[in-house]
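Notes follow once the structure below has been shown.
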Amino acid sequence: MQYVRIYSDVNGVSHFEDVEVGLSEVKADSALPAHRTSPVFAVTSMTFLVAPVGWMSDWHCAPARGMFFVLSGEIEIEVSDGAVRRFPPGSTVLRDDTTGAGHRTRVVSQTEAVAEVIELSDD
């Protein structure tokens, strides 16, 4: 399983990084078939974000470290190193650029974008 991380380097420049999540097979209960799970991410809050068609944010840092799950619509994110990526429904982005130049975001779909944002704890 993969997600995209947005982070700031020591000079404050933001970048994309593709991160592979290791999965372990689990058989928690004899009534359940085996399945795979990732390591646990400790969280502090969850919210939904709904942005209309054409919505755009200027450069900003993530207000807190957190996972951003695109549920519908499509967003485009630009990081300060100049890279631009589009994220359709089903995409997962770790917003880890809480300092530095940050990123900018816009809705590029012909429908509003809906996302779930889960703030991660420092643990």
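By order in the structure tokens, chains are A, B, ...; within a chain, residues start at 1; ligands start at 1, following the order shown.
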
Arg86 of chain A surroundings by only C-alpha atoms, 12 Å radius, close-in-sequence under 5 positions cut, as a PyMOL selection string | chain A and resi 4+16+70+73-79+91-93+104-109

List every residue of segment 10-110 of chain A that DSSP, applied to the backbone of this structure, assigns to strand (DSSP E or B), and report them as a PyMOL selection string.
-> chain A and resi 14-20+24-26+35-37+43-51+56-60+66-72+75-79+84-87+92-96+103-107

Written selection (C-alpha atoms) as a PDB file, in the first residue's frame:
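selection-v3.pdb written:
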ATOM      1  CA  SER A  14       8.479  21.298   0.150  1.00  0.00           C
ATOM      2  CA  HIS A  15       8.601  18.044  -1.819  1.00  0.00           C
ATOM      3  CA  PHE A  16       6.565  14.935  -2.638  1.00  0.00           C
ATOM      4  CA  GLU A  17       7.726  11.494  -1.473  1.00  0.00           C
ATOM      5  CA  ASP A  18       6.093   8.158  -2.324  1.00  0.00           C
ATOM      6  CA  VAL A  19       5.921   6.034   0.836  1.00  0.00           C
ATOM      7  CA  GLU A  20       5.304   2.299   0.912  1.00  0.00           C
ATOM      8  CA  SER A  24       1.502  -7.738   8.117  1.00  0.00           C
ATOM      9  CA  GLU A  25      -0.822 -10.712   7.849  1.00  0.00           C
ATOM     10  CA  VAL A  26      -3.150 -11.037  10.824  1.00  0.00           C
ATOM     11  CA  HIS A  35      -6.103 -10.184   6.388  1.00  0.00           C
ATOM     12  CA  ARG A  36      -3.284  -7.664   6.240  1.00  0.00           C
ATOM     13  CA  THR A  37      -2.931  -4.531   8.370  1.00  0.00           C
ATOM     14  CA  VAL A  43      -4.748  10.102  15.795  1.00  0.00           C
ATOM     15  CA  THR A  44      -6.186  13.119  17.592  1.00  0.00           C
ATOM     16  CA  SER A  45      -9.069  14.346  15.412  1.00  0.00           C
ATOM     17  CA  MET A  46     -10.978  13.826  12.184  1.00  0.00           C
ATOM     18  CA  THR A  47     -12.863  16.238   9.941  1.00  0.00           C
ATOM     19  CA  PHE A  48     -14.398  16.355   6.477  1.00  0.00           C
ATOM     20  CA  LEU A  49     -13.412  19.045   4.004  1.00  0.00           C
ATOM     21  CA  VAL A  50     -15.694  20.032   1.109  1.00  0.00           C
ATOM     22  CA  ALA A  51     -14.291  22.437  -1.497  1.00  0.00           C
ATOM     23  CA  MET A  56      -7.904  27.249  -4.790  1.00  0.00           C
ATOM     24  CA  SER A  57      -5.678  27.929  -1.810  1.00  0.00           C
ATOM     25  CA  ASP A  58      -2.522  29.988  -1.982  1.00  0.00           C
ATOM     26  CA  TRP A  59       0.764  28.836  -0.440  1.00  0.00           C
ATOM     27  CA  HIS A  60       0.306  27.517   3.078  1.00  0.00           C
ATOM     28  CA  GLY A  66      -2.239  14.526   9.138  1.00  0.00           C
ATOM     29  CA  MET A  67      -3.588  12.130   6.537  1.00  0.00           C
ATOM     30  CA  PHE A  68      -5.738  13.573   3.747  1.00  0.00           C
ATOM     31  CA  PHE A  69      -8.028  11.072   1.990  1.00  0.00           C
ATOM     32  CA  VAL A  70      -9.687  12.195  -1.266  1.00  0.00           C
ATOM     33  CA  LEU A  71     -13.222  10.765  -1.263  1.00  0.00           C
ATOM     34  CA  SER A  72     -14.636  12.450  -4.384  1.00  0.00           C
ATOM     35  CA  ILE A  75      -7.398  17.938  -6.352  1.00  0.00           C
ATOM     36  CA  GLU A  76      -4.064  19.205  -7.586  1.00  0.00           C
ATOM     37  CA  ILE A  77      -1.235  19.993  -5.190  1.00  0.00           C
ATOM     38  CA  GLU A  78       1.895  21.979  -6.008  1.00  0.00           C
ATOM     39  CA  VAL A  79       4.922  21.881  -3.707  1.00  0.00           C
ATOM     40  CA  VAL A  84       2.655  19.216  -9.236  1.00  0.00           C
ATOM     41  CA  ARG A  85       0.522  16.102  -8.717  1.00  0.00           C
ATOM     42  CA  ARG A  86      -3.164  15.331  -9.140  1.00  0.00           C
ATOM     43  CA  PHE A  87      -5.034  13.220  -6.623  1.00  0.00           C
ATOM     44  CA  THR A  92      -4.013   9.275   0.394  1.00  0.00           C
ATOM     45  CA  VAL A  93      -1.669  12.170   1.176  1.00  0.00           C
ATOM     46  CA  LEU A  94       0.320  12.684   4.376  1.00  0.00           C
ATOM     47  CA  ARG A  95       0.469  16.436   5.012  1.00  0.00           C
ATOM     48  CA  ASP A  96       3.779  16.664   6.837  1.00  0.00           C
ATOM     49  CA  HIS A 103       2.065  23.879  -0.768  1.00  0.00           C
ATOM     50  CA  ARG A 104      -0.932  25.134  -2.693  1.00  0.00           C
ATOM     51  CA  THR A 105      -4.039  23.205  -3.574  1.00  0.00           C
ATOM     52  CA  ARG A 106      -6.859  23.505  -6.080  1.00  0.00           C
ATOM     53  CA  VAL A 107      -9.927  21.549  -7.114  1.00  0.00           C
TER      54      VAL A 107
END
